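Asks: Below is the file input34.pdb, which contains PDB, N, CA and C atoms.
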```pdb
MODEL        1
ATOM      1  N   MET H   1     101.819 -27.325-128.633
ATOM      2  CA  MET H   1     102.789 -26.473-127.966
ATOM      3  C   MET H   1     103.644 -25.722-128.991
ATOM      4  N   ILE H   2     104.082 -26.443-130.034
ATOM      5  CA  ILE H   2     104.936 -25.837-131.064
ATOM      6  C   ILE H   2     104.212 -25.916-132.408
ATOM      7  N   ASP H   3     104.197 -24.815-133.124
ATOM      8  CA  ASP H   3     103.657 -24.788-134.482
ATOM      9  C   ASP H   3     104.819 -25.077-135.429
ATOM     10  N   TRP H   4     105.028 -26.360-135.711
ATOM     11  CA  TRP H   4     106.165 -26.785-136.522
ATOM     12  C   TRP H   4     106.064 -26.258-137.951
ATOM     13  N   THR H   5     104.850 -26.055-138.436
ATOM     14  CA  THR H   5     104.693 -25.494-139.780
ATOM     15  C   THR H   5     105.251 -24.078-139.824
ATOM     16  N   ARG H   6     104.987 -23.305-138.773
ATOM     17  CA  ARG H   6     105.534 -21.938-138.692
ATOM     18  C   ARG H   6     107.054 -21.980-138.669
ATOM     19  N   ILE H   7     107.616 -22.895-137.920
ATOM     20  CA  ILE H   7     109.070 -23.005-137.847
ATOM     21  C   ILE H   7     109.632 -23.396-139.208
ATOM     22  N   ASP H   8     109.002 -24.344-139.884
ATOM     23  CA  ASP H   8     109.456 -24.745-141.228
ATOM     24  C   ASP H   8     109.383 -23.563-142.192
ATOM     25  N   ASP H   9     108.292 -22.796-142.121
ATOM     26  CA  ASP H   9     108.138 -21.629-142.995
ATOM     27  C   ASP H   9     109.245 -20.608-142.734
ATOM     28  N   LEU H  10     109.542 -20.358-141.478
ATOM     29  CA  LEU H  10     110.604 -19.410-141.143
ATOM     30  C   LEU H  10     111.962 -19.897-141.636
ATOM     31  N   LYS H  11     112.225 -21.181-141.450
ATOM     32  CA  LYS H  11     113.498 -21.731-141.929
ATOM     33  C   LYS H  11     113.620 -21.575-143.437
ATOM     34  N   GLU H  12     112.519 -21.777-144.140
ATOM     35  CA  GLU H  12     112.528 -21.630-145.596
ATOM     36  C   GLU H  12     112.735 -20.164-145.989
ATOM     37  N   GLU H  13     112.034 -19.251-145.303
ATOM     38  CA  GLU H  13     112.128 -17.832-145.610
ATOM     39  C   GLU H  13     113.493 -17.248-145.268
ATOM     40  N   LEU H  14     114.016 -17.629-144.113
ATOM     41  CA  LEU H  14     115.245 -17.024-143.608
ATOM     42  C   LEU H  14     116.505 -17.812-143.936
ATOM     43  N   GLY H  15     116.339 -19.083-144.201
ATOM     44  CA  GLY H  15     117.502 -19.962-144.312
ATOM     45  C   GLY H  15     117.842 -20.485-142.926
ATOM     46  N   GLU H  16     118.437 -21.643-142.894
ATOM     47  CA  GLU H  16     118.718 -22.316-141.621
ATOM     48  C   GLU H  16     119.583 -21.470-140.686
ATOM     49  N   ASP H  17     120.666 -20.882-141.210
ATOM     50  CA  ASP H  17     121.569 -20.100-140.354
ATOM     51  C   ASP H  17     120.889 -18.861-139.784
ATOM     52  N   ASP H  18     120.179 -18.112-140.635
ATOM     53  CA  ASP H  18     119.502 -16.913-140.149
ATOM     54  C   ASP H  18     118.374 -17.269-139.186
ATOM     55  N   PHE H  19     117.695 -18.384-139.459
ATOM     56  CA  PHE H  19     116.640 -18.809-138.545
ATOM     57  C   PHE H  19     117.216 -19.041-137.155
ATOM     58  N   GLU H  20     118.318 -19.738-137.077
ATOM     59  CA  GLU H  20     118.917 -20.022-135.765
ATOM     60  C   GLU H  20     119.294 -18.733-135.047
ATOM     61  N   GLU H  21     119.780 -17.742-135.794
ATOM     62  CA  GLU H  21     120.126 -16.453-135.190
ATOM     63  C   GLU H  21     118.878 -15.758-134.649
ATOM     64  N   VAL H  22     117.803 -15.745-135.449
ATOM     65  CA  VAL H  22     116.542 -15.135-135.023
ATOM     66  C   VAL H  22     115.992 -15.871-133.805
ATOM     67  N   PHE H  23     116.069 -17.187-133.842
ATOM     68  CA  PHE H  23     115.563 -17.988-132.738
ATOM     69  C   PHE H  23     116.328 -17.691-131.447
ATOM     70  N   GLU H  24     117.639 -17.554-131.535
ATOM     71  CA  GLU H  24     118.443 -17.225-130.355
ATOM     72  C   GLU H  24     118.079 -15.849-129.796
ATOM     73  N   ILE H  25     117.837 -14.892-130.682
ATOM     74  CA  ILE H  25     117.411 -13.560-130.238
ATOM     75  C   ILE H  25     116.075 -13.667-129.508
ATOM     76  N   PHE H  26     115.153 -14.436-130.091
ATOM     77  CA  PHE H  26     113.862 -14.667-129.454
ATOM     78  C   PHE H  26     114.049 -15.243-128.052
ATOM     79  N   LEU H  27     114.856 -16.281-127.946
ATOM     80  CA  LEU H  27     115.055 -16.908-126.638
ATOM     81  C   LEU H  27     115.581 -15.912-125.615
ATOM     82  N   ASP H  28     116.531 -15.093-126.027
ATOM     83  CA  ASP H  28     117.081 -14.092-125.112
ATOM     84  C   ASP H  28     116.025 -13.070-124.693
ATOM     85  N   GLU H  29     115.274 -12.557-125.673
ATOM     86  CA  GLU H  29     114.258 -11.547-125.369
ATOM     87  C   GLU H  29     113.150 -12.102-124.483
ATOM     88  N   VAL H  30     112.696 -13.297-124.811
ATOM     89  CA  VAL H  30     111.613 -13.876-124.017
ATOM     90  C   VAL H  30     112.107 -14.236-122.624
ATOM     91  N   GLN H  31     113.330 -14.730-122.528
ATOM     92  CA  GLN H  31     113.867 -15.055-121.208
ATOM     93  C   GLN H  31     113.912 -13.811-120.324
ATOM     94  N   GLU H  32     114.343 -12.695-120.904
ATOM     95  CA  GLU H  32     114.362 -11.438-120.148
ATOM     96  C   GLU H  32     112.947 -11.038-119.709
ATOM     97  N   SER H  33     111.993 -11.180-120.626
ATOM     98  CA  SER H  33     110.608 -10.821-120.295
ATOM     99  C   SER H  33     110.043 -11.737-119.220
ATOM    100  N   VAL H  34     110.273 -13.036-119.373
ATOM    101  CA  VAL H  34     109.768 -13.987-118.376
ATOM    102  C   VAL H  34     110.443 -13.731-117.034
ATOM    103  N   ASP H  35     111.739 -13.439-117.051
ATOM    104  CA  ASP H  35     112.436 -13.115-115.801
ATOM    105  C   ASP H  35     111.843 -11.871-115.150
ATOM    106  N   SER H  36     111.444 -10.897-115.963
ATOM    107  CA  SER H  36     110.873  -9.671-115.401
ATOM    108  C   SER H  36     109.503  -9.916-114.772
ATOM    109  N   LEU H  37     108.844 -11.006-115.145
ATOM    110  CA  LEU H  37     107.563 -11.336-114.525
ATOM    111  C   LEU H  37     107.729 -11.737-113.060
ATOM    112  N   LYS H  38     108.932 -12.147-112.684
ATOM    113  CA  LYS H  38     109.184 -12.536-111.286
ATOM    114  C   LYS H  38     109.003 -11.363-110.326
ATOM    115  N   ALA H  39     109.127 -10.153-110.854
ATOM    116  CA  ALA H  39     108.932  -8.958-110.024
ATOM    117  C   ALA H  39     107.453  -8.636-109.843
ATOM    118  N   ALA H  40     106.578  -9.470-110.424
ATOM    119  CA  ALA H  40     105.113  -9.324-110.327
ATOM    120  C   ALA H  40     104.639  -7.939-110.750
ATOM    121  N   PRO H  41     104.976  -7.534-111.993
ATOM    122  CA  PRO H  41     104.463  -6.245-112.472
ATOM    123  C   PRO H  41     102.947  -6.303-112.592
ATOM    124  N   THR H  42     102.353  -5.134-112.620
ATOM    125  CA  THR H  42     100.890  -5.064-112.741
ATOM    126  C   THR H  42     100.521  -4.055-113.821
ATOM    127  N   GLY H  43      99.251  -4.024-114.139
ATOM    128  CA  GLY H  43      98.708  -3.005-115.029
ATOM    129  C   GLY H  43      99.381  -2.940-116.380
ATOM    130  N   GLN H  44      99.689  -1.724-116.800
ATOM    131  CA  GLN H  44     100.248  -1.503-118.126
ATOM    132  C   GLN H  44     101.619  -2.140-118.301
ATOM    133  N   ALA H  45     102.408  -2.180-117.236
ATOM    134  CA  ALA H  45     103.731  -2.807-117.340
ATOM    135  C   ALA H  45     103.593  -4.298-117.646
ATOM    136  N   LEU H  46     102.701  -4.960-116.942
ATOM    137  CA  LEU H  46     102.466  -6.378-117.185
ATOM    138  C   LEU H  46     101.900  -6.590-118.588
ATOM    139  N   GLU H  47     100.963  -5.760-118.959
ATOM    140  CA  GLU H  47     100.343  -5.869-120.286
ATOM    141  C   GLU H  47     101.411  -5.736-121.385
ATOM    142  N   ALA H  48     102.324  -4.800-121.236
ATOM    143  CA  ALA H  48     103.378  -4.587-122.236
ATOM    144  C   ALA H  48     104.337  -5.778-122.317
ATOM    145  N   ILE H  49     104.697  -6.326-121.176
ATOM    146  CA  ILE H  49     105.591  -7.490-121.160
ATOM    147  C   ILE H  49     104.917  -8.667-121.854
ATOM    148  N   LEU H  50     103.671  -8.904-121.526
ATOM    149  CA  LEU H  50     102.960 -10.036-122.119
ATOM    150  C   LEU H  50     102.727  -9.835-123.613
ATOM    151  N   HIS H  51     102.529  -8.603-124.032
ATOM    152  CA  HIS H  51     102.391  -8.306-125.458
ATOM    153  C   HIS H  51     103.683  -8.677-126.193
ATOM    154  N   SER H  52     104.802  -8.335-125.604
ATOM    155  CA  SER H  52     106.104  -8.668-126.192
ATOM    156  C   SER H  52     106.310 -10.179-126.268
ATOM    157  N   VAL H  53     105.998 -10.863-125.174
ATOM    158  CA  VAL H  53     106.128 -12.326-125.153
ATOM    159  C   VAL H  53     105.245 -12.938-126.237
ATOM    160  N   LYS H  54     104.008 -12.488-126.320
ATOM    161  CA  LYS H  54     103.066 -13.016-127.313
ATOM    162  C   LYS H  54     103.603 -12.828-128.726
ATOM    163  N   GLY H  55     104.061 -11.627-129.030
ATOM    164  CA  GLY H  55     104.570 -11.344-130.367
ATOM    165  C   GLY H  55     105.759 -12.199-130.747
ATOM    166  N   ASN H  56     106.696 -12.317-129.841
ATOM    167  CA  ASN H  56     107.866 -13.152-130.105
ATOM    168  C   ASN H  56     107.478 -14.616-130.243
ATOM    169  N   ALA H  57     106.571 -15.070-129.414
ATOM    170  CA  ALA H  57     106.159 -16.470-129.454
ATOM    171  C   ALA H  57     105.450 -16.798-130.767
ATOM    172  N   VAL H  58     104.590 -15.905-131.228
ATOM    173  CA  VAL H  58     103.913 -16.119-132.507
ATOM    174  C   VAL H  58     104.940 -16.178-133.633
ATOM    175  N   THR H  59     105.910 -15.302-133.584
ATOM    176  CA  THR H  59     106.910 -15.225-134.639
ATOM    177  C   THR H  59     107.639 -16.549-134.840
ATOM    178  N   VAL H  60     107.976 -17.218-133.759
ATOM    179  CA  VAL H  60     108.776 -18.444-133.894
ATOM    180  C   VAL H  60     107.988 -19.716-133.620
ATOM    181  N   GLY H  61     106.679 -19.632-133.573
ATOM    182  CA  GLY H  61     105.873 -20.843-133.515
ATOM    183  C   GLY H  61     105.658 -21.453-132.147
ATOM    184  N   PHE H  62     105.881 -20.701-131.087
ATOM    185  CA  PHE H  62     105.598 -21.216-129.745
ATOM    186  C   PHE H  62     104.129 -20.919-129.446
ATOM    187  N   SER H  63     103.260 -21.739-130.000
ATOM    188  CA  SER H  63     101.829 -21.442-130.013
ATOM    189  C   SER H  63     101.188 -21.419-128.627
ATOM    190  N   LYS H  64     101.530 -22.348-127.773
ATOM    191  CA  LYS H  64     100.922 -22.378-126.432
ATOM    192  C   LYS H  64     101.359 -21.160-125.621
ATOM    193  N   LEU H  65     102.627 -20.810-125.704
ATOM    194  CA  LEU H  65     103.120 -19.632-125.002
ATOM    195  C   LEU H  65     102.429 -18.382-125.530
ATOM    196  N   ALA H  66     102.273 -18.273-126.847
ATOM    197  CA  ALA H  66     101.584 -17.125-127.436
ATOM    198  C   ALA H  66     100.141 -17.040-126.951
ATOM    199  N   GLU H  67      99.474 -18.186-126.884
ATOM    200  CA  GLU H  67      98.082 -18.230-126.430
ATOM    201  C   GLU H  67      97.959 -17.746-124.983
ATOM    202  N   LEU H  68      98.812 -18.261-124.115
ATOM    203  CA  LEU H  68      98.745 -17.877-122.700
ATOM    204  C   LEU H  68      99.148 -16.423-122.482
ATOM    205  N   ALA H  69     100.185 -15.975-123.193
ATOM    206  CA  ALA H  69     100.613 -14.582-123.057
ATOM    207  C   ALA H  69      99.535 -13.641-123.590
ATOM    208  N   GLY H  70      98.875 -14.022-124.691
ATOM    209  CA  GLY H  70      97.797 -13.198-125.237
ATOM    210  C   GLY H  70      96.629 -13.082-124.283
ATOM    211  N   ALA H  71      96.248 -14.208-123.694
ATOM    212  CA  ALA H  71      95.159 -14.179-122.705
ATOM    213  C   ALA H  71      95.562 -13.357-121.488
ATOM    214  N   GLY H  72      96.806 -13.505-121.070
ATOM    215  CA  GLY H  72      97.307 -12.726-119.938
ATOM    216  C   GLY H  72      97.336 -11.243-120.239
ATOM    217  N   GLU H  73      97.704 -10.900-121.462
ATOM    218  CA  GLU H  73      97.725  -9.497-121.878
ATOM    219  C   GLU H  73      96.324  -8.891-121.767
ATOM    220  N   ILE H  74      95.329  -9.622-122.229
ATOM    221  CA  ILE H  74      93.945  -9.150-122.138
ATOM    222  C   ILE H  74      93.542  -8.985-120.670
ATOM    223  N   ASN H  75      93.838  -9.999-119.865
ATOM    224  CA  ASN H  75      93.495  -9.929-118.435
ATOM    225  C   ASN H  75      94.184  -8.749-117.756
ATOM    226  N   ALA H  76      95.454  -8.551-118.066
ATOM    227  CA  ALA H  76      96.186  -7.434-117.456
ATOM    228  C   ALA H  76      95.551  -6.110-117.848
ATOM    229  N   GLY H  77      95.133  -5.998-119.096
ATOM    230  CA  GLY H  77      94.488  -4.770-119.560
ATOM    231  C   GLY H  77      93.152  -4.518-118.886
ATOM    232  N   GLN H  78      92.500  -5.598-118.469
ATOM    233  CA  GLN H  78      91.206  -5.483-117.797
ATOM    234  C   GLN H  78      91.352  -5.437-116.275
ATOM    235  N   GLY H  79      92.582  -5.561-115.803
ATOM    236  CA  GLY H  79      92.816  -5.518-114.365
ATOM    237  C   GLY H  79      92.469  -6.803-113.640
ATOM    238  N   THR H  80      92.371  -7.912-114.367
ATOM    239  CA  THR H  80      92.074  -9.197-113.728
ATOM    240  C   THR H  80      93.358 -10.008-113.583
ATOM    241  N   ASP H  81      93.263 -11.081-112.817
ATOM    242  CA  ASP H  81      94.434 -11.899-112.507
ATOM    243  C   ASP H  81      95.043 -12.547-113.746
ATOM    244  N   VAL H  82      96.363 -12.659-113.710
ATOM    245  CA  VAL H  82      97.126 -13.331-114.758
ATOM    246  C   VAL H  82      97.948 -14.417-114.080
ATOM    247  N   ASN H  83      97.864 -15.628-114.590
ATOM    248  CA  ASN H  83      98.629 -16.727-114.016
ATOM    249  C   ASN H  83     100.031 -16.719-114.625
ATOM    250  N   LEU H  84     100.948 -16.040-113.942
ATOM    251  CA  LEU H  84     102.307 -15.895-114.439
ATOM    252  C   LEU H  84     103.068 -17.217-114.409
ATOM    253  N   LEU H  85     102.733 -18.081-113.474
ATOM    254  CA  LEU H  85     103.393 -19.384-113.398
ATOM    255  C   LEU H  85     103.093 -20.214-114.638
ATOM    256  N   ASP H  86     101.848 -20.184-115.100
ATOM    257  CA  ASP H  86     101.494 -20.918-116.318
ATOM    258  C   ASP H  86     102.282 -20.404-117.519
ATOM    259  N   ILE H  87     102.465 -19.107-117.595
ATOM    260  CA  ILE H  87     103.201 -18.514-118.713
ATOM    261  C   ILE H  87     104.670 -18.913-118.643
ATOM    262  N   ALA H  88     105.263 -18.830-117.469
ATOM    263  CA  ALA H  88     106.665 -19.228-117.309
ATOM    264  C   ALA H  88     106.850 -20.716-117.614
ATOM    265  N   THR H  89     105.909 -21.523-117.180
ATOM    266  CA  THR H  89     105.983 -22.968-117.439
ATOM    267  C   THR H  89     105.860 -23.248-118.928
ATOM    268  N   ALA H  90     104.939 -22.567-119.602
ATOM    269  CA  ALA H  90     104.783 -22.752-121.045
ATOM    270  C   ALA H  90     106.056 -22.351-121.781
ATOM    271  N   HIS H  91     106.712 -21.330-121.297
ATOM    272  CA  HIS H  91     107.987 -20.904-121.890
ATOM    273  C   HIS H  91     109.020 -22.018-121.772
ATOM    274  N   ASP H  92     109.166 -22.558-120.570
ATOM    275  CA  ASP H  92     110.130 -23.627-120.349
ATOM    276  C   ASP H  92     109.794 -24.868-121.175
ATOM    277  N   LEU H  93     108.523 -25.244-121.198
ATOM    278  CA  LEU H  93     108.112 -26.430-121.950
ATOM    279  C   LEU H  93     108.277 -26.225-123.453
ATOM    280  N   SER H  94     108.058 -25.007-123.925
ATOM    281  CA  SER H  94     108.250 -24.709-125.342
ATOM    282  C   SER H  94     109.715 -24.857-125.733
ATOM    283  N   LYS H  95     110.603 -24.349-124.900
ATOM    284  CA  LYS H  95     112.035 -24.495-125.184
ATOM    285  C   LYS H  95     112.423 -25.970-125.215
ATOM    286  N   GLU H  96     111.922 -26.726-124.257
ATOM    287  CA  GLU H  96     112.219 -28.164-124.213
ATOM    288  C   GLU H  96     111.665 -28.893-125.434
ATOM    289  N   ALA H  97     110.432 -28.550-125.815
ATOM    290  CA  ALA H  97     109.801 -29.214-126.967
ATOM    291  C   ALA H  97     110.571 -28.895-128.248
ATOM    292  N   TYR H  98     110.996 -27.640-128.391
ATOM    293  CA  TYR H  98     111.770 -27.277-129.576
ATOM    294  C   TYR H  98     113.106 -28.021-129.604
ATOM    295  N   ALA H  99     113.771 -28.066-128.456
ATOM    296  CA  ALA H  99     115.065 -28.736-128.375
ATOM    297  C   ALA H  99     114.932 -30.246-128.665
ATOM    298  N   SER H 100     113.796 -30.822-128.314
ATOM    299  CA  SER H 100     113.560 -32.251-128.554
ATOM    300  C   SER H 100     113.274 -32.523-130.030
ATOM    301  N   GLY H 101     112.841 -31.532-130.751
ATOM    302  CA  GLY H 101     112.557 -31.683-132.170
ATOM    303  C   GLY H 101     111.136 -32.119-132.437
ATOM    304  N   ARG H 102     110.841 -32.164-133.692
ATOM    305  CA  ARG H 102     109.491 -32.533-134.139
ATOM    306  C   ARG H 102     109.148 -33.929-133.660
ATOM    307  N   PRO H 103     107.920 -34.092-133.118
ATOM    308  CA  PRO H 103     107.532 -35.409-132.623
ATOM    309  C   PRO H 103     107.388 -36.441-133.738
TER     310      PRO H 103
ENDMDL
END
```
How would this structure read if it were set down as C-alpha coordinates?
Replies:
Amino acid sequence: MIDWTRIDDLKEELGEDDFEEVFEIFLDEVQESVDSLKAAPTGQALEAILHSVKGNAVTVGFSKLAELAGAGEINAGQGTDVNLLDIATAHDLSKEAYASGRP
(Lines of atoms letter the chains of each structure in order from A and count residues from 1; the text may use other names and numbers.)
(Lines give C-alpha, C1' and ligand atoms only; values in the text may rest on other atoms or scores of the structure.)
Protein backbone atom coordinates (compact mmCIF):
# COMPACT_ATOMS: atom_id res chain seq x y z
CA MET A 1 0.00 0.00 0.00
CA ILE A 2 2.81 2.41 0.94
CA ASP A 3 6.24 2.58 -0.69
CA TRP A 4 8.19 3.41 2.47
CA THR A 5 11.45 3.57 0.53
CA ARG A 6 9.99 6.39 -1.59
CA ILE A 7 8.90 8.21 1.55
CA ASP A 8 12.37 7.80 3.11
CA ASP A 9 13.98 9.08 -0.10
CA LEU A 10 11.72 12.13 -0.14
CA LYS A 11 12.42 12.87 3.51
CA GLU A 12 16.14 12.68 2.80
CA GLU A 13 15.87 14.87 -0.32
CA LEU A 14 13.52 17.47 1.13
CA GLY A 15 14.24 17.32 4.83
CA GLU A 16 11.66 16.34 7.40
CA ASP A 17 9.94 19.75 7.61
CA ASP A 18 9.67 20.27 3.86
CA PHE A 19 8.51 16.69 3.39
CA GLU A 20 5.64 17.24 5.80
CA GLU A 21 4.65 20.40 3.92
CA VAL A 22 4.72 18.57 0.56
CA PHE A 23 2.79 15.68 2.06
CA GLU A 24 0.08 18.02 3.39
CA ILE A 25 -0.24 19.64 -0.05
CA PHE A 26 -0.58 16.17 -1.56
CA LEU A 27 -3.30 15.23 0.91
CA ASP A 28 -5.25 18.39 0.13
CA GLU A 29 -4.94 17.98 -3.65
CA VAL A 30 -5.83 14.32 -3.64
CA GLN A 31 -8.73 14.86 -1.27
CA GLU A 32 -10.13 17.47 -3.66
CA SER A 33 -9.68 15.09 -6.60
CA VAL A 34 -11.23 12.15 -4.78
CA ASP A 35 -14.12 14.38 -3.67
CA SER A 36 -14.65 15.41 -7.29
CA LEU A 37 -15.06 11.75 -8.23
CA LYS A 38 -18.33 11.75 -6.26
CA ALA A 39 -19.86 13.75 -9.11
CA ALA A 40 -19.16 10.70 -11.36
CA PRO A 41 -17.23 12.51 -14.10
CA THR A 42 -16.72 10.65 -17.35
CA GLY A 43 -14.41 10.67 -20.33
CA GLN A 44 -11.61 13.20 -20.44
CA ALA A 45 -12.62 14.84 -17.16
CA LEU A 46 -12.35 11.54 -15.32
CA GLU A 47 -9.11 10.68 -17.10
CA ALA A 48 -7.58 14.03 -16.06
CA ILE A 49 -8.62 13.64 -12.42
CA LEU A 50 -7.20 10.14 -12.24
CA HIS A 51 -3.98 11.28 -13.91
CA SER A 52 -3.58 13.90 -11.19
CA VAL A 53 -4.30 11.39 -8.43
CA LYS A 54 -1.81 8.93 -9.93
CA GLY A 55 0.94 11.54 -10.19
CA ASN A 56 0.51 12.78 -6.66
CA ALA A 57 0.31 9.25 -5.29
CA VAL A 58 3.52 8.20 -7.03
CA THR A 59 5.28 11.29 -5.73
CA VAL A 60 4.63 10.48 -2.08
CA GLY A 61 4.73 6.69 -2.19
CA PHE A 62 1.05 5.76 -2.09
CA SER A 63 1.70 2.84 -4.41
CA LYS A 64 -1.69 1.09 -4.31
CA LEU A 65 -3.55 4.35 -4.92
CA ALA A 66 -1.19 5.15 -7.82
CA GLU A 67 -1.76 1.69 -9.30
CA LEU A 68 -5.56 1.94 -9.13
CA ALA A 69 -5.66 5.54 -10.37
CA GLY A 70 -3.34 4.62 -13.27
CA ALA A 71 -5.51 1.69 -14.27
CA GLY A 72 -8.59 3.89 -13.95
CA GLU A 73 -6.98 6.56 -16.10
CA ILE A 74 -6.38 4.01 -18.85
CA ASN A 75 -9.95 2.69 -18.57
CA ALA A 76 -11.39 6.20 -18.67
CA GLY A 77 -9.36 6.95 -21.79
CA GLN A 78 -10.73 3.81 -23.42
CA GLY A 79 -14.29 4.55 -22.33
CA THR A 80 -14.54 1.51 -20.06
CA ASP A 81 -15.75 1.34 -16.47
CA VAL A 82 -13.66 2.70 -13.62
CA ASN A 83 -14.25 1.50 -10.08
CA LEU A 84 -14.26 4.84 -8.27
CA LEU A 85 -15.10 3.23 -4.94
CA ASP A 86 -11.89 1.18 -5.03
CA ILE A 87 -9.89 4.33 -5.71
CA ALA A 88 -11.55 6.27 -2.89
CA THR A 89 -11.04 3.33 -0.53
CA ALA A 90 -7.37 3.04 -1.48
CA HIS A 91 -7.00 6.74 -0.76
CA ASP A 92 -8.50 6.36 2.70
CA LEU A 93 -6.48 3.22 3.48
CA SER A 94 -3.28 4.89 2.28
CA LYS A 95 -3.82 7.83 4.61
CA GLU A 96 -4.49 5.44 7.49
CA ALA A 97 -1.44 3.30 6.69
CA TYR A 98 0.80 6.37 6.53
CA ALA A 99 -0.59 7.72 9.80
CA SER A 100 0.03 4.32 11.45
CA GLY A 101 3.67 4.40 10.36
CA ARG A 102 5.98 1.82 8.98
CA PRO A 103 4.91 -1.72 9.85
Asks: Run through the PyMOL selection byres ((chain H and resi 78-91) around 6.5) on the given coordinates and return the selected residues as JSON, numbers by chain.
Replies: {"H": [34, 43, 64, 65, 68, 69, 72, 73, 74, 75, 76, 77, 92, 93, 94, 95, 96]}
Asks: Quick one: distance from CA of Ala99 (chain H) to atom C of Glu47 (chain H) in Å, one decimal?
Replies: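 Taking CA of Ala99 (chain H) and atom C of Glu47 (chain H), their separation equals 27.6 Å.
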Asks: Report the distance between CA of Ile7 (chain H) and CA of Thr59 (chain H) in Å, rounded to one decimal place.
Replies: 8.7 Å
Asks: Apply the PyMOL selection byres ((chain H and resi 3) around 7) to the file shown and report the selected residues as a JSON list (two decimals) with N, CA and C atoms, in the frame of the given file.
Replies:
```json
[["chain", "number", "residue", "atom", "x", "y", "z"],
["H", 1, "MET", "N", 101.82, -27.32, -128.63],
["H", 1, "MET", "CA", 102.79, -26.47, -127.97],
["H", 1, "MET", "C", 103.64, -25.72, -128.99],
["H", 2, "ILE", "N", 104.08, -26.44, -130.03],
["H", 2, "ILE", "CA", 104.94, -25.84, -131.06],
["H", 2, "ILE", "C", 104.21, -25.92, -132.41],
["H", 4, "TRP", "N", 105.03, -26.36, -135.71],
["H", 4, "TRP", "CA", 106.16, -26.78, -136.52],
["H", 4, "TRP", "C", 106.06, -26.26, -137.95],
["H", 5, "THR", "N", 104.85, -26.06, -138.44],
["H", 5, "THR", "CA", 104.69, -25.49, -139.78],
["H", 5, "THR", "C", 105.25, -24.08, -139.82],
["H", 6, "ARG", "N", 104.99, -23.30, -138.77],
["H", 6, "ARG", "CA", 105.53, -21.94, -138.69],
["H", 6, "ARG", "C", 107.05, -21.98, -138.67],
["H", 7, "ILE", "N", 107.62, -22.90, -137.92],
["H", 7, "ILE", "CA", 109.07, -23.00, -137.85],
["H", 7, "ILE", "C", 109.63, -23.40, -139.21],
["H", 8, "ASP", "N", 109.00, -24.34, -139.88],
["H", 8, "ASP", "CA", 109.46, -24.74, -141.23],
["H", 8, "ASP", "C", 109.38, -23.56, -142.19],
["H", 60, "VAL", "N", 107.98, -17.22, -133.76],
["H", 60, "VAL", "CA", 108.78, -18.44, -133.89],
["H", 60, "VAL", "C", 107.99, -19.72, -133.62],
["H", 61, "GLY", "N", 106.68, -19.63, -133.57],
["H", 61, "GLY", "CA", 105.87, -20.84, -133.51],
["H", 61, "GLY", "C", 105.66, -21.45, -132.15],
["H", 62, "PHE", "N", 105.88, -20.70, -131.09],
["H", 62, "PHE", "CA", 105.60, -21.22, -129.74],
["H", 62, "PHE", "C", 104.13, -20.92, -129.45],
["H", 63, "SER", "N", 103.26, -21.74, -130.00],
["H", 63, "SER", "CA", 101.83, -21.44, -130.01],
["H", 63, "SER", "C", 101.19, -21.42, -128.63],
["H", 64, "LYS", "N", 101.53, -22.35, -127.77],
["H", 64, "LYS", "CA", 100.92, -22.38, -126.43],
["H", 64, "LYS", "C", 101.36, -21.16, -125.62]]
```
Asks: Expressed in Å to a single decimal, how great is the separation between atom C of His51 (chain H) and atom N of Gly70 (chain H)?
Replies: 7.3 Å
Asks: Pick the closest to Ala71 (chain H) from H:Leu50, H:Ala57, H:Asp18, H:Leu27: which is it, counting only C-alpha atoms?
Replies: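 Looking only at the distances to Ala71 (chain H), the closest residue turns out to be H:Leu50.
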Asks: Ranking H:Lys54, H:Ala66, H:Thr42, H:Phe23 by minimum distance to Tyr98 (chain H) and counting only C-alpha atoms, which one comes first?
Replies: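 Under the stated criterion, the closest residue is H:Phe23.
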Asks: With a distance cut-off of 8 Å and all atoms listed in the file, select the neighbouring residues of Phe26 (chain H), excluding the residue or stretch itself and same-chain residues fewer than 5 positions from it, and output the selection as an mmCIF file with N, CA and C atoms, in the frame of the given file.
Replies:
```cif
data_model
loop_
_atom_site.group_PDB
_atom_site.id
_atom_site.type_symbol
_atom_site.label_atom_id
_atom_site.label_comp_id
_atom_site.auth_asym_id
_atom_site.auth_seq_id
_atom_site.Cartn_x
_atom_site.Cartn_y
_atom_site.Cartn_z
ATOM 1 N N GLU H 20 118.318 -19.738 -137.077
ATOM 2 C CA GLU H 20 118.917 -20.022 -135.765
ATOM 3 C C GLU H 20 119.294 -18.733 -135.047
ATOM 4 N N GLU H 21 119.780 -17.742 -135.794
ATOM 5 C CA GLU H 21 120.126 -16.453 -135.190
ATOM 6 C C GLU H 21 118.878 -15.758 -134.649
ATOM 7 N N GLN H 31 113.330 -14.730 -122.528
ATOM 8 C CA GLN H 31 113.867 -15.055 -121.208
ATOM 9 C C GLN H 31 113.912 -13.811 -120.324
ATOM 10 N N GLU H 32 114.343 -12.695 -120.904
ATOM 11 C CA GLU H 32 114.362 -11.438 -120.148
ATOM 12 C C GLU H 32 112.947 -11.038 -119.709
ATOM 13 N N ASN H 56 106.696 -12.317 -129.841
ATOM 14 C CA ASN H 56 107.866 -13.152 -130.105
ATOM 15 C C ASN H 56 107.478 -14.616 -130.243
ATOM 16 N N ALA H 57 106.571 -15.070 -129.414
ATOM 17 C CA ALA H 57 106.159 -16.470 -129.454
ATOM 18 C C ALA H 57 105.450 -16.798 -130.767
ATOM 19 N N VAL H 60 107.976 -17.218 -133.759
ATOM 20 C CA VAL H 60 108.776 -18.444 -133.894
ATOM 21 C C VAL H 60 107.988 -19.716 -133.620
#
```
Asks: For Ile49 (chain H), which residue out of H:Leu10, H:Ile25, H:Leu37, H:Ala97 is the nearest one, using only C-alpha atoms?
Replies: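 Distance minimum relative to Ile49 (chain H) lands on H:Leu37.
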Asks: Run DSSP on the backbone and grab whatever in chain H lands in alpha helix (DSSP H); send it over as a ChimeraX atom specification.
Replies: /H:4-14,16-36,43-60,63-78,84-100
